[in-house]
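Structure data (compact mmCIF, C-alpha atoms) from protein.txt:
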```
# COMPACT_ATOMS: atom_id res chain seq x y z
CA MET A 1384 79.23 -44.68 -34.57
CA THR A 1385 76.98 -43.74 -31.66
CA GLN A 1386 79.92 -42.58 -29.59
CA GLN A 1387 81.04 -40.34 -32.41
CA ARG A 1388 77.61 -38.71 -32.56
CA ILE A 1389 77.48 -38.15 -28.82
CA LEU A 1390 80.88 -36.52 -29.04
CA LEU A 1391 79.74 -34.25 -31.86
CA PHE A 1392 76.69 -33.28 -29.85
CA PHE A 1393 78.75 -32.20 -26.86
CA ILE A 1394 81.24 -30.35 -29.02
CA SER A 1395 78.48 -28.36 -30.66
CA ILE A 1396 76.91 -27.46 -27.30
CA VAL A 1397 80.25 -26.25 -26.02
CA PHE A 1398 80.74 -24.21 -29.16
CA THR A 1399 77.39 -22.54 -28.96
CA ILE A 1400 77.96 -21.57 -25.34
CA THR A 1401 81.35 -20.08 -26.19
CA VAL A 1402 79.91 -18.12 -29.10
CA TYR A 1403 77.08 -16.78 -26.94
CA SER A 1404 79.35 -15.80 -24.09
CA GLN A 1405 81.63 -14.02 -26.54
CA GLU A 1406 78.73 -11.94 -27.82
CA GLU A 1407 77.71 -11.04 -24.34
CA GLN A 1408 81.16 -9.66 -23.63
CA ASP A 1409 81.31 -7.67 -26.91
CA THR A 1410 78.00 -5.89 -26.44
CA LEU A 1411 78.30 -2.21 -25.63
CA LYS A 1412 75.63 -0.38 -23.74
CA VAL A 1413 74.58 2.28 -26.28
CA LYS A 1414 72.13 4.92 -25.22
CA GLU A 1415 69.83 6.51 -27.75
CA ASN A 1416 68.01 9.80 -27.45
CA TYR A 1417 64.25 9.83 -27.25
CA GLY A 1418 62.52 13.15 -27.40
CA ILE A 1419 60.53 15.72 -29.31
CA ARG A 1420 61.92 16.88 -32.60
CA ILE A 1421 60.59 20.23 -33.79
CA GLY A 1422 61.32 21.95 -37.05
CA ILE A 1423 60.08 23.93 -40.02
CA ASP A 1424 59.61 23.22 -43.67
CA LEU A 1425 62.25 25.24 -45.50
CA SER A 1426 60.61 24.94 -48.91
CA LYS A 1427 57.54 27.03 -47.99
CA PRO A 1428 59.36 30.31 -47.15
CA ILE A 1429 61.59 29.78 -50.20
CA ASN A 1430 58.50 29.40 -52.40
CA SER A 1431 57.03 32.57 -50.87
CA PHE A 1432 60.21 34.40 -51.76
CA PHE A 1433 60.02 33.46 -55.43
CA GLU A 1434 56.25 33.55 -55.83
CA THR A 1435 54.76 36.59 -54.17
CA GLU A 1436 51.24 35.17 -54.30
CA ASN A 1437 52.17 32.00 -52.47
CA LYS A 1438 52.61 32.44 -48.73
CA GLY A 1439 52.97 29.36 -46.62
CA ILE A 1440 54.46 28.07 -43.43
CA GLU A 1441 54.68 24.58 -41.97
CA ILE A 1442 55.84 23.43 -38.56
CA VAL A 1443 56.79 19.78 -38.19
CA ALA A 1444 57.24 17.73 -35.06
CA ASP A 1445 57.74 14.11 -34.18
CA TYR A 1446 58.18 12.03 -31.08
CA ARG A 1447 59.91 8.69 -30.89
CA ILE A 1448 57.46 6.28 -29.36
CA LEU A 1449 59.21 2.97 -30.05
CA LYS A 1450 62.63 1.97 -31.35
CA ASN A 1451 61.60 2.42 -34.99
CA TYR A 1452 58.32 4.27 -34.71
CA TYR A 1453 57.76 8.00 -34.52
CA ALA A 1454 54.50 9.82 -33.95
CA ALA A 1455 54.52 12.72 -36.38
CA VAL A 1456 52.51 15.91 -36.81
CA GLU A 1457 52.60 18.77 -39.30
CA LEU A 1458 50.83 22.10 -38.85
CA GLY A 1459 50.63 24.64 -41.60
CA PHE A 1460 49.05 27.70 -43.13
CA LEU A 1461 48.71 28.63 -46.79
CA ASP A 1462 47.62 31.69 -48.73
CA LYS A 1463 48.10 30.98 -52.41
CA THR A 1464 46.75 32.44 -55.62
CA THR A 1465 46.51 30.10 -58.59
CA GLU A 1466 46.30 31.32 -62.14
CA GLU A 1467 44.62 29.00 -64.62
CA ASP A 1468 43.88 29.53 -68.31
CA TYR A 1469 40.34 30.77 -67.71
CA MET A 1470 40.32 31.79 -64.06
CA ASN A 1471 42.24 33.02 -61.05
CA PHE A 1472 41.52 31.99 -57.47
CA THR A 1473 42.98 32.26 -53.99
CA THR A 1474 43.13 29.42 -51.47
CA LYS A 1475 43.60 30.40 -47.85
CA GLY A 1476 43.56 28.25 -44.76
CA SER A 1477 45.32 26.04 -42.27
CA TYR A 1478 45.86 22.32 -41.94
CA ILE A 1479 47.01 19.58 -39.62
CA LYS A 1480 48.44 16.17 -40.43
CA VAL A 1481 48.94 13.45 -37.85
CA GLY A 1482 50.40 9.99 -38.25
CA VAL A 1483 53.36 7.69 -37.77
CA ASN A 1484 56.71 7.11 -39.42
CA TYR A 1485 58.45 3.78 -39.49
CA ASN A 1486 62.21 4.01 -39.70
CA ALA A 1487 63.51 1.30 -41.99
CA TYR A 1488 67.14 2.34 -41.77
CA GLU A 1489 69.51 0.24 -39.69
CA ASN A 1490 71.88 2.74 -38.08
CA TRP A 1491 75.47 2.04 -37.14
CA ILE A 1492 76.25 2.67 -33.51
CA GLY A 1493 76.21 6.38 -32.80
CA MET A 1494 74.33 7.30 -35.95
CA ASN A 1495 70.79 8.63 -35.87
CA ASN A 1496 69.63 8.76 -39.45
CA GLU A 1497 66.30 7.70 -40.86
CA ILE A 1498 64.87 6.43 -44.07
CA TYR A 1499 61.23 6.13 -43.32
CA VAL A 1500 57.80 5.34 -44.63
CA GLY A 1501 54.83 6.98 -43.01
CA LEU A 1502 51.10 7.35 -42.96
CA ARG A 1503 49.18 10.55 -42.26
CA TYR A 1504 45.65 11.73 -41.79
CA GLY A 1505 45.22 15.30 -43.01
CA TYR A 1506 42.51 17.84 -42.26
CA SER A 1507 42.19 21.36 -43.57
CA LEU A 1508 39.84 24.27 -42.94
CA PHE A 1509 40.03 26.89 -45.64
CA SER A 1510 38.37 29.36 -47.97
CA GLN A 1511 38.49 29.81 -51.72
CA THR A 1512 38.06 33.13 -53.47
CA LEU A 1513 37.21 33.17 -57.14
CA ASN A 1514 38.99 36.37 -58.12
CA SER A 1515 38.24 36.37 -61.82
CA TYR A 1516 37.20 34.20 -64.72
CA THR A 1517 36.56 34.41 -68.42
CA PRO A 1518 33.71 32.29 -69.80
CA ASN A 1519 35.24 29.68 -72.06
CA VAL A 1520 33.94 29.89 -75.60
CA LYS A 1521 35.33 28.45 -78.81
CA GLY A 1522 36.37 30.88 -81.48
CA THR A 1523 37.12 34.57 -81.41
CA TYR A 1524 34.04 36.06 -83.03
CA LEU A 1525 32.38 37.52 -79.94
CA ILE A 1526 35.09 37.75 -77.29
CA PRO A 1527 33.86 37.59 -73.68
CA GLU A 1528 35.15 40.00 -71.08
CA THR A 1529 36.88 38.80 -67.93
CA LEU A 1530 34.58 38.98 -64.94
CA GLU A 1531 35.77 39.74 -61.42
CA PRO A 1532 33.16 38.33 -59.07
CA ASN A 1533 35.54 37.99 -56.07
CA THR A 1534 33.19 35.35 -54.72
CA GLU A 1535 34.40 34.01 -51.39
CA PHE A 1536 33.57 30.46 -50.34
CA ASN A 1537 34.14 30.10 -46.61
CA ASP A 1538 34.21 27.22 -44.13
CA LEU A 1539 35.36 24.63 -46.63
CA THR A 1540 36.93 21.47 -45.30
CA ALA A 1541 38.89 18.53 -46.64
CA GLN A 1542 40.26 15.34 -45.18
CA TRP A 1543 42.70 12.98 -46.75
CA VAL A 1544 45.35 10.29 -46.23
CA GLU A 1545 49.01 10.50 -47.18
CA PHE A 1546 51.68 7.91 -47.81
CA VAL A 1547 55.04 9.42 -46.97
CA PHE A 1548 58.55 8.42 -48.01
CA GLY A 1549 61.41 10.39 -46.58
CA MET A 1550 64.74 10.62 -44.92
CA LYS A 1551 66.30 12.53 -42.07
CA VAL A 1552 70.00 13.01 -41.52
CA GLU A 1553 71.62 14.21 -38.32
CA THR A 1554 74.01 16.90 -39.55
CA PHE A 1555 75.10 18.36 -36.23
CA LYS A 1556 74.30 16.98 -32.83
CA ASN A 1557 70.51 16.87 -32.51
CA LEU A 1558 70.05 18.96 -35.68
CA TYR A 1559 68.36 17.13 -38.52
CA LEU A 1560 67.84 17.87 -42.18
CA GLY A 1561 65.03 16.00 -43.85
CA ALA A 1562 63.28 15.59 -47.16
CA SER A 1563 60.09 13.77 -47.92
CA ILE A 1564 57.56 13.17 -50.63
CA SER A 1565 53.94 12.36 -49.93
CA PHE A 1566 51.23 10.85 -52.08
CA ASN A 1567 47.85 12.12 -51.05
CA ASN A 1568 44.40 10.72 -51.54
CA MET A 1569 41.28 12.72 -50.74
CA ILE A 1570 38.69 11.08 -48.50
CA SER A 1571 36.10 13.83 -48.50
CA THR A 1572 35.75 17.53 -49.16
CA LYS A 1573 33.14 20.17 -48.63
CA GLU A 1574 32.98 21.69 -52.09
CA PRO A 1575 32.02 25.28 -52.92
CA GLU A 1576 28.87 25.85 -54.96
CA ASN A 1577 29.50 26.23 -58.69
CA PHE A 1578 33.26 25.96 -58.13
CA LYS A 1579 35.68 23.25 -57.05
CA ASN A 1580 38.44 22.81 -54.48
CA LEU A 1581 41.27 22.77 -57.00
CA HIS A 1582 43.89 23.48 -54.36
CA VAL A 1583 43.68 22.53 -50.69
CA PRO A 1584 46.16 23.73 -48.04
CA GLY A 1585 48.41 20.83 -47.05
CA PHE A 1586 47.08 18.63 -49.84
CA ASN A 1587 48.28 20.93 -52.63
CA ARG A 1588 46.90 20.71 -56.14
CA VAL A 1589 43.91 18.40 -56.35
CA PHE A 1590 44.19 16.30 -59.47
CA LEU A 1591 41.16 15.02 -61.38
CA ASN A 1592 41.30 11.62 -59.68
CA ASN A 1593 41.36 13.32 -56.25
CA SER A 1594 45.04 12.61 -55.69
CA GLY A 1595 47.87 14.94 -54.87
CA VAL A 1596 51.59 15.15 -54.22
CA GLY A 1597 53.53 16.99 -51.56
CA PHE A 1598 57.19 17.67 -50.91
CA ASN A 1599 58.91 19.09 -47.92
CA TYR A 1600 62.44 19.90 -46.87
CA THR A 1601 62.73 20.24 -43.16
CA MET A 1602 65.24 21.40 -40.63
CA SER A 1603 64.48 20.20 -37.13
CA TYR A 1604 66.00 20.09 -33.69
CA LEU A 1605 65.75 17.20 -31.28
CA ILE A 1606 65.01 18.11 -27.68
CA PRO A 1607 66.27 15.04 -25.82
CA ILE A 1608 63.93 14.00 -23.07
CA LEU A 1609 65.18 10.58 -22.09
CA LYS A 1610 67.84 8.09 -23.07
CA LYS A 1611 67.10 4.45 -23.66
CA ASN A 1612 69.28 1.47 -24.41
CA LYS A 1613 69.54 0.60 -28.03
CA MET B 310 68.31 1.19 -49.51
CA LYS B 311 68.15 0.23 -53.17
CA LYS B 312 64.73 -1.26 -52.61
CA TYR B 313 63.38 2.01 -51.21
CA ILE B 314 64.80 4.11 -54.00
CA THR B 315 63.06 1.84 -56.47
CA ILE B 316 59.78 2.20 -54.58
CA ILE B 317 60.10 5.98 -54.45
CA ILE B 318 60.94 6.30 -58.15
CA LEU B 319 58.10 3.97 -59.10
CA SER B 320 55.65 5.95 -57.01
CA ILE B 321 56.76 9.24 -58.57
CA PHE B 322 56.17 7.85 -62.03
CA THR B 323 52.78 6.49 -61.02
CA ILE B 324 51.72 9.93 -59.87
CA LEU B 325 53.18 11.76 -62.84
CA SER B 326 51.45 9.46 -65.27
CA CYS B 327 48.06 10.19 -63.68
CA GLU B 328 45.46 11.91 -65.79
CA LYS B 329 46.34 15.41 -66.84
CA ASP B 330 43.73 18.08 -66.30
CA ASP B 331 45.65 20.75 -68.16
CA ILE B 332 43.85 20.28 -71.43
CA CYS B 333 40.24 21.31 -71.76
CA ILE B 334 38.30 18.49 -73.36
CA GLU B 335 34.84 19.08 -71.88
CA ALA B 336 32.10 20.98 -73.70
CA THR B 337 32.24 24.73 -73.14
CA THR B 338 29.88 27.60 -73.99
CA PRO B 339 27.38 26.39 -76.62
CA SER B 340 26.72 28.19 -79.88
CA LEU B 341 23.24 28.95 -81.14
CA ILE B 342 22.36 26.32 -83.73
CA ILE B 343 19.87 27.35 -86.40
CA THR B 344 18.41 24.95 -88.96
CA PHE B 345 16.66 26.09 -92.11
CA TYR B 346 13.43 24.37 -93.15
CA ASN B 347 11.15 24.60 -96.11
CA ASN B 348 8.14 26.74 -95.17
CA GLU B 349 5.80 24.88 -97.54
CA THR B 350 6.30 21.37 -96.23
CA GLN B 351 7.52 22.38 -92.72
CA THR B 352 9.30 19.04 -92.40
CA GLU B 353 12.19 19.06 -94.83
CA LEU B 354 15.44 20.95 -94.60
CA LYS B 355 15.93 23.67 -97.17
CA GLN B 356 19.29 25.20 -97.87
CA VAL B 357 19.86 28.93 -97.81
CA LEU B 358 22.25 30.67 -100.17
CA LEU B 359 24.18 32.56 -97.52
CA ASP B 360 26.00 35.68 -98.60
CA SER B 361 27.03 36.44 -95.07
CA VAL B 362 26.06 36.23 -91.39
CA TRP B 363 27.18 38.89 -88.99
CA SER B 364 26.46 40.31 -85.59
CA ILE B 365 25.47 43.96 -85.70
CA ASN B 366 28.53 46.25 -85.94
CA LEU B 367 30.83 43.28 -86.64
CA TYR B 368 32.35 41.65 -89.70
CA GLY B 369 30.87 38.54 -91.35
CA ILE B 370 31.60 35.12 -89.85
CA GLU B 371 34.35 33.57 -91.95
CA GLU B 372 32.87 30.11 -92.45
CA TYR B 373 29.43 31.36 -93.58
CA LYS B 374 30.35 33.41 -96.60
CA ASP B 375 28.90 32.54 -100.04
CA ILE B 376 27.81 29.09 -99.07
CA SER B 377 24.73 26.92 -99.49
CA ILE B 378 23.92 25.43 -96.12
CA ASP B 379 20.97 24.06 -94.12
CA SER B 380 22.23 24.84 -90.61
CA ILE B 381 24.56 27.30 -88.90
CA ALA B 382 26.11 27.61 -85.44
CA ILE B 383 26.68 31.19 -84.30
CA PRO B 384 28.03 32.47 -80.98
CA LEU B 385 25.92 34.58 -78.64
CA ASP B 386 27.28 37.69 -76.94
CA LEU B 387 28.54 36.83 -73.43
CA ASN B 388 28.87 40.45 -72.35
CA GLN B 389 25.21 41.38 -72.59
CA ASN B 390 21.82 39.70 -72.55
CA GLU B 391 21.10 40.28 -76.22
CA THR B 392 22.67 39.57 -79.58
CA THR B 393 21.48 40.85 -82.92
CA TYR B 394 22.38 38.97 -86.06
CA ILE B 395 21.86 39.83 -89.70
CA ILE B 396 21.51 36.91 -92.08
CA GLU B 397 21.82 37.68 -95.77
CA ASN B 398 20.23 35.03 -97.97
CA ASN B 399 20.53 35.46 -101.73
CA SER B 400 21.07 39.24 -101.36
CA VAL B 401 18.06 39.66 -99.03
CA LYS B 402 18.80 40.66 -95.43
CA ASP B 403 16.91 39.80 -92.30
CA THR B 404 17.69 40.96 -88.77
CA ILE B 405 16.96 38.86 -85.69
CA LYS B 406 17.38 40.03 -82.12
CA PHE B 407 17.83 37.33 -79.49
CA ILE B 408 17.40 37.99 -75.78
CA TYR B 409 18.36 35.66 -72.93
CA ASP B 410 19.65 35.33 -69.37
CA ARG B 411 23.23 34.18 -68.88
CA ASN B 412 24.32 31.66 -66.30
CA ASP B 413 27.97 30.78 -65.82
CA VAL B 414 28.54 27.17 -64.82
CA PHE B 415 31.81 25.73 -63.53
CA VAL B 416 33.22 23.01 -65.79
CA SER B 417 36.75 22.09 -64.71
CA ARG B 418 40.20 23.42 -63.90
CA SER B 419 41.35 23.67 -67.48
CA CYS B 420 38.01 24.68 -69.02
CA GLY B 421 37.01 27.15 -66.35
CA TYR B 422 33.43 28.37 -66.70
CA LYS B 423 30.98 28.00 -69.54
CA THR B 424 27.94 30.16 -70.12
CA ILE B 425 24.52 28.62 -70.60
CA PHE B 426 21.57 30.66 -71.82
CA GLU B 427 18.17 30.59 -70.17
CA SER B 428 14.79 32.17 -71.02
CA PHE B 429 15.98 32.36 -74.57
CA GLN B 430 13.60 34.21 -76.90
CA ILE B 431 13.46 36.22 -80.07
CA GLU B 432 12.58 39.80 -79.27
CA ASN B 433 11.96 40.81 -82.86
CA ASN B 434 12.91 39.99 -86.39
CA THR B 435 12.37 41.28 -89.90
CA SER B 436 10.63 39.04 -92.44
CA ASN B 437 12.12 39.67 -95.83
CA TRP B 438 13.05 36.07 -96.61
CA ILE B 439 12.25 34.50 -93.26
CA LYS B 440 8.67 33.27 -93.13
CA ASN B 441 8.56 31.89 -89.65
CA ILE B 442 10.83 31.09 -86.68
CA SER B 443 10.25 28.55 -83.97
CA ILE B 444 12.24 28.10 -80.78
CA ASN B 445 12.90 24.45 -79.95
CA ASN B 446 14.28 25.02 -76.47
CA THR B 447 14.39 28.09 -74.24
CA ILE B 448 17.50 26.75 -72.48
CA ILE B 449 20.66 26.56 -74.53
CA GLU B 450 23.15 24.41 -72.68
CA ASN B 451 24.80 22.22 -75.32
CA ASP B 452 25.70 21.97 -78.97
CA THR B 453 23.97 18.65 -79.66
CA ALA B 454 20.67 19.76 -81.21
CA ALA B 455 19.25 22.74 -83.09
CA HIS B 456 17.91 25.47 -80.85
CA ILE B 457 15.83 27.38 -83.37
CA THR B 458 14.28 26.59 -86.74
CA ILE B 459 13.86 29.15 -89.49
CA PHE B 460 11.25 28.46 -92.16
CA HIS B 461 11.72 30.05 -95.53
```

Please express what this file holds, its structure, as C-alpha cells.
Amino acid sequence: MTQQRILLFFISIVFTITVYSQEEQDTLKVKENYGIRIGIDLSKPINSFFETENKGIEIVADYRILKNYYAAVELGFLDKTTEEDYMNFTTKGSYIKVGVNYNAYENWIGMNNEIYVGLRYGYSLFSQTLNSYTPNVKGTYLIPETLEPNTEFNDLTAQWVEFVFGMKVETFKNLYLGASISFNNMISTKEPENFKNLHVPGFNRVFLNNSGVGFNYTMSYLIPILKKNK
Amino acid sequence: MKKYITIIILSIFTILSCEKDDICIEATTPSLIITFYNNETQTELKQVLLDSVWSINLYGIEEYKDISIDSIAIPLDLNQNETTYIIENNSVKDTIKFIYDRNDVFVSRSCGYKTIFESFQIENNTSNWIKNISINNTIIENDTAAHITIFH
C-alpha cells in the first residue's frame, strides 16, 4: 500500500516536470508594440456636416502604460446651437478628459484589439449665449413676442467623471478604428445667472439628474515607440 | 464578450430610462387672479354675472362669457408694462388699467422662461359696478392665491 503511494508520488512529479518542460519549449517570444496612439473622433465632423450649427472637433490619444492599461486623453472644441421649445442658445468652448482604459480582451498572438472599460475626469471651459427666448405662458389670449437678448455668459466651467465602454480594432497595421460610449456624471459646474448649463462641451446634453451620455467613433494611428515581450 | 455586451446594453437602458426633461411640468407665467367680494360685508365672496371680459382691442376671453363666477384668472400682457381689461358685469362695463414691471425668470430646459410681475398696481379704473379694489400682493409670481380683490 505504502509502496504504491510512493510510486504514484514519483510518477506525478515526473509528469509535472515533463508538462512544464514541454510548455517552456512551445513558448514563442512575441513582441508587442507600446507607443502613443493618436487619432480623431470621426463623428464630430460628420455631425458638423449635417447640422450647420454644430461645429466640433475632438483629438484622442492614448499611451500603453502596462500590459492591459492605457493612459487616455481627449481634447476637444465645440460650438453648438441648441433649439428648445421656448429658447435658443449657443454653447462654445473647449474641454479635456484624462483617464485610463483597462483592456479586458484576451488577444490571440499577433492581434491587437481591445474591448475596454475606462474612467475619465473631464473639465471644460466654455461660454453660453442665450440667443432668444419666448416667455412661457399658458393659453393664447395675449401672445408674448420672442425676445433676443443675446446675453453672453462667459468663463463658465464644469467638471465631471465618465465611465467608458468601448472597443478598438486594428484594421491595418497600426491603424485602429474605435467606438465608445460614455456615461457622464457632473461633479460641479459654474452656472450662469438666471440660466442653466443645459449643454456642456465634452459632456453633451446635461440631463435633469446631472447625467449625460457621449459617443465617439475614432480613427487612430499607433506610433510605435518600444517593443516589449507579451 | 457576452458579459460586456450585457453590461453595455443594460447601461444604455439605464440612461435612456432616466427622467425626461422634454415635457414642461413646472409652473410658468402666472395669470392675474381676481376674486369678487361683497362690498357690504367685505368678507364674503359675491358672484358677478359676467357678460364678458376682454383686454382692450381684443375679443372676449372664451371661458368668461355669460357666466356667474366669484373669481377669474386673466393673463397680463408680456410685451408691455401695462394691460387694460374691461369687465362687463350684468351689462355694466368697468375698465381697469394695470401697470407692472416684468422680470423673466429661468425655469427649466423644457419650460424656458416665465415672467413674474413686480411693483404691480392699478393705475386707474372706472367705478360703474366696482365699488372698491384692493391689491393683495404687489408681486405676482404664482397662481396659488388671489392677487386682487374687487368689491361690488

**Message:** Please identify all residues of chain B having at least one atom at most 6 Å from any atom of chain A, considering all atoms listed in the file, and return them as a list in words.
**Reply:**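 Every residue of chain B that passes the 6 Å test is in Thr337, Thr338, Asp386, Leu387, Asn388, Phe415, Gly421, Tyr422 and Lys423 of chain B.
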
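Residues in contact range of Asp1538 of chain A, defined as at most 8 Å between all atoms listed in the file, with sequence neighbours fewer than 5 positions away removed, read Leu1508, Phe1509 and Ser1510 of chain A.
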
**Request:** Just give me the gap between atom CA of Ile365 of chain B and atom CA of Val416 of chain B in Å, one decimal is fine.
**Result:**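 Value for the atom CA of Ile365 of chain B-atom CA of Val416 of chain B distance: 29.9 Å.
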
**Request:** Show which residues sit within 12 Å of segment 1452-1456 of chain A, as number ranges by chain. Count only C-alpha atoms, and ignore same-chain residues fewer than 2 positions away.
**Result:** A: 1417-1423, 1441-1450, 1458-1459, 1478-1488, 1497-1506, 1547

**Message:** From the options B:Glu372, B:Glu335, B:Glu427, B:Glu349, which residue's atoms come nearest to Asn412 of chain B, counting only C-alpha atoms?
**Reply:**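 Using only C-alpha atoms, Asn412 of chain B sits closest to B:Glu427.
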
**Atom-to-atom span, atom CA of Glu353 of chain B and atom CA of Glu450 of chain B, Å** =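 Calculated distance between atom CA of Glu353 of chain B and atom CA of Glu450 of chain B is 25.3 Å.
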
**Asked** With distances taken over all atoms listed in the file, which of B:Cys420, B:Ala454, B:Ala382, B:Ile376 is nearest to Ile332 of chain B?
**Response** B:Cys420

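The spacing separating atom CA of Gly369 of chain B from atom CA of Glu397 of chain B amounts to 10.1 Å.
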
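These residues, each with an atom at most 8 Å from (42.2, 28.1, -54.7) using only C-alpha atoms, are Lys1463, Thr1464, Thr1465, Phe1472, Thr1473, Thr1474, Lys1475, Ser1510, Gln1511, Thr1512, Leu1513, Asn1580, Leu1581, His1582 and Val1583 of chain A.
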
**Prompt:** Counting all atoms listed in the file, what is within 6 Å of Thr344 of chain B, bar same-chain residues fewer than 5 positions away, as a PyMOL selection string?
**Reply:** chain B and resi 379-380+458

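Shortest atom-to-atom contact with Ile1429 of chain A among A:Asn1593, A:Tyr1600, A:Asp1462, A:Asn1587: A:Tyr1600, counting all atoms listed in the file.
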
**Message:** Quick one: residues within 9 Å of Lys1611 of chain A, only C-alpha atoms, excluding same-chain residues fewer than 3 positions away - as a count of residues only?
**Reply:** 5

**Request:** Just the residues within 12 Å of segment 435-448 of chain B, please, counting only C-alpha atoms, with nothing from its chain fewer than 2 positions along; format it as a ChimeraX atom specification.
**Result:** /B:339-349,351,357-359,393-412,424-433,450-452,454-461

Return as JSON the box centre and box size in Å, one decimal, for an axis-aligned box around all listed atoms of segment 437-442 of chain B padded by 8 Å per side.
```
{"center_x": 10.8, "center_y": 35.4, "center_z": -91.6, "size_x": 20.5, "size_y": 24.6, "size_z": 25.9}
```

**Prompt:** Once you count all atoms listed in the file, which residues end up no further than 7 Å from (69.7, 10.0, -33.2) in the file's frame, shown as a PyMOL selection string?
**Reply:** chain A and resi 1415-1416+1494-1496+1553+1557

Mind rebuilding segment 1568-1587 of chain A with N, CA and C atoms and writing that out as a PDB file, in the coordinates of the input?
```
ATOM      1  N   ASN A1568      45.668  11.171 -50.986  1.00  0.00           N
ATOM      2  CA  ASN A1568      44.400  10.720 -51.540  1.00  0.00           C
ATOM      3  C   ASN A1568      43.251  11.307 -50.735  1.00  0.00           C
ATOM      4  N   MET A1569      42.378  12.030 -51.417  1.00  0.00           N
ATOM      5  CA  MET A1569      41.280  12.720 -50.740  1.00  0.00           C
ATOM      6  C   MET A1569      40.251  11.718 -50.248  1.00  0.00           C
ATOM      7  N   ILE A1570      39.795  11.910 -49.018  1.00  0.00           N
ATOM      8  CA  ILE A1570      38.690  11.080 -48.500  1.00  0.00           C
ATOM      9  C   ILE A1570      37.381  11.822 -48.741  1.00  0.00           C
ATOM     10  N   SER A1571      37.316  13.056 -48.270  1.00  0.00           N
ATOM     11  CA  SER A1571      36.100  13.830 -48.500  1.00  0.00           C
ATOM     12  C   SER A1571      36.408  15.315 -48.466  1.00  0.00           C
ATOM     13  N   THR A1572      35.594  16.078 -49.169  1.00  0.00           N
ATOM     14  CA  THR A1572      35.750  17.530 -49.160  1.00  0.00           C
ATOM     15  C   THR A1572      34.378  18.174 -49.101  1.00  0.00           C
ATOM     16  N   LYS A1573      34.347  19.365 -48.540  1.00  0.00           N
ATOM     17  CA  LYS A1573      33.140  20.170 -48.630  1.00  0.00           C
ATOM     18  C   LYS A1573      33.408  21.140 -49.780  1.00  0.00           C
ATOM     19  N   GLU A1574      32.697  20.934 -50.879  1.00  0.00           N
ATOM     20  CA  GLU A1574      32.980  21.690 -52.090  1.00  0.00           C
ATOM     21  C   GLU A1574      32.188  22.994 -52.145  1.00  0.00           C
ATOM     22  N   PRO A1575      32.763  24.035 -52.726  1.00  0.00           N
ATOM     23  CA  PRO A1575      32.020  25.280 -52.920  1.00  0.00           C
ATOM     24  C   PRO A1575      30.945  25.093 -54.003  1.00  0.00           C
ATOM     25  N   GLU A1576      29.952  25.946 -53.979  1.00  0.00           N
ATOM     26  CA  GLU A1576      28.870  25.850 -54.960  1.00  0.00           C
ATOM     27  C   GLU A1576      29.318  26.481 -56.274  1.00  0.00           C
ATOM     28  N   ASN A1577      29.129  25.769 -57.339  1.00  0.00           N
ATOM     29  CA  ASN A1577      29.500  26.230 -58.690  1.00  0.00           C
ATOM     30  C   ASN A1577      31.000  26.569 -58.797  1.00  0.00           C
ATOM     31  N   PHE A1578      31.812  25.838 -58.043  1.00  0.00           N
ATOM     32  CA  PHE A1578      33.260  25.960 -58.130  1.00  0.00           C
ATOM     33  C   PHE A1578      33.811  24.644 -57.584  1.00  0.00           C
ATOM     34  N   LYS A1579      35.124  24.502 -57.528  1.00  0.00           N
ATOM     35  CA  LYS A1579      35.680  23.250 -57.050  1.00  0.00           C
ATOM     36  C   LYS A1579      36.934  23.543 -56.237  1.00  0.00           C
ATOM     37  N   ASN A1580      37.200  22.690 -55.245  1.00  0.00           N
ATOM     38  CA  ASN A1580      38.440  22.810 -54.480  1.00  0.00           C
ATOM     39  C   ASN A1580      39.589  22.277 -55.336  1.00  0.00           C
ATOM     40  N   LEU A1581      40.200  23.179 -56.090  1.00  0.00           N
ATOM     41  CA  LEU A1581      41.270  22.770 -57.000  1.00  0.00           C
ATOM     42  C   LEU A1581      42.613  22.755 -56.278  1.00  0.00           C
ATOM     43  N   HIS A1582      42.671  23.451 -55.167  1.00  0.00           N
ATOM     44  CA  HIS A1582      43.890  23.480 -54.360  1.00  0.00           C
ATOM     45  C   HIS A1582      43.436  23.458 -52.907  1.00  0.00           C
ATOM     46  N   VAL A1583      44.048  22.628 -52.105  1.00  0.00           N
ATOM     47  CA  VAL A1583      43.680  22.530 -50.690  1.00  0.00           C
ATOM     48  C   VAL A1583      44.961  22.706 -49.877  1.00  0.00           C
ATOM     49  N   PRO A1584      44.949  23.574 -48.857  1.00  0.00           N
ATOM     50  CA  PRO A1584      46.160  23.730 -48.040  1.00  0.00           C
ATOM     51  C   PRO A1584      46.600  22.389 -47.440  1.00  0.00           C
ATOM     52  N   GLY A1585      47.872  22.082 -47.587  1.00  0.00           N
ATOM     53  CA  GLY A1585      48.410  20.830 -47.050  1.00  0.00           C
ATOM     54  C   GLY A1585      48.341  19.689 -48.050  1.00  0.00           C
ATOM     55  N   PHE A1586      47.274  19.698 -48.851  1.00  0.00           N
ATOM     56  CA  PHE A1586      47.080  18.630 -49.840  1.00  0.00           C
ATOM     57  C   PHE A1586      47.750  19.023 -51.152  1.00  0.00           C
ATOM     58  N   ASN A1587      47.797  20.327 -51.384  1.00  0.00           N
ATOM     59  CA  ASN A1587      48.280  20.930 -52.630  1.00  0.00           C
ATOM     60  C   ASN A1587      47.286  20.745 -53.758  1.00  0.00           C
TER      61      ASN A1587
END
```
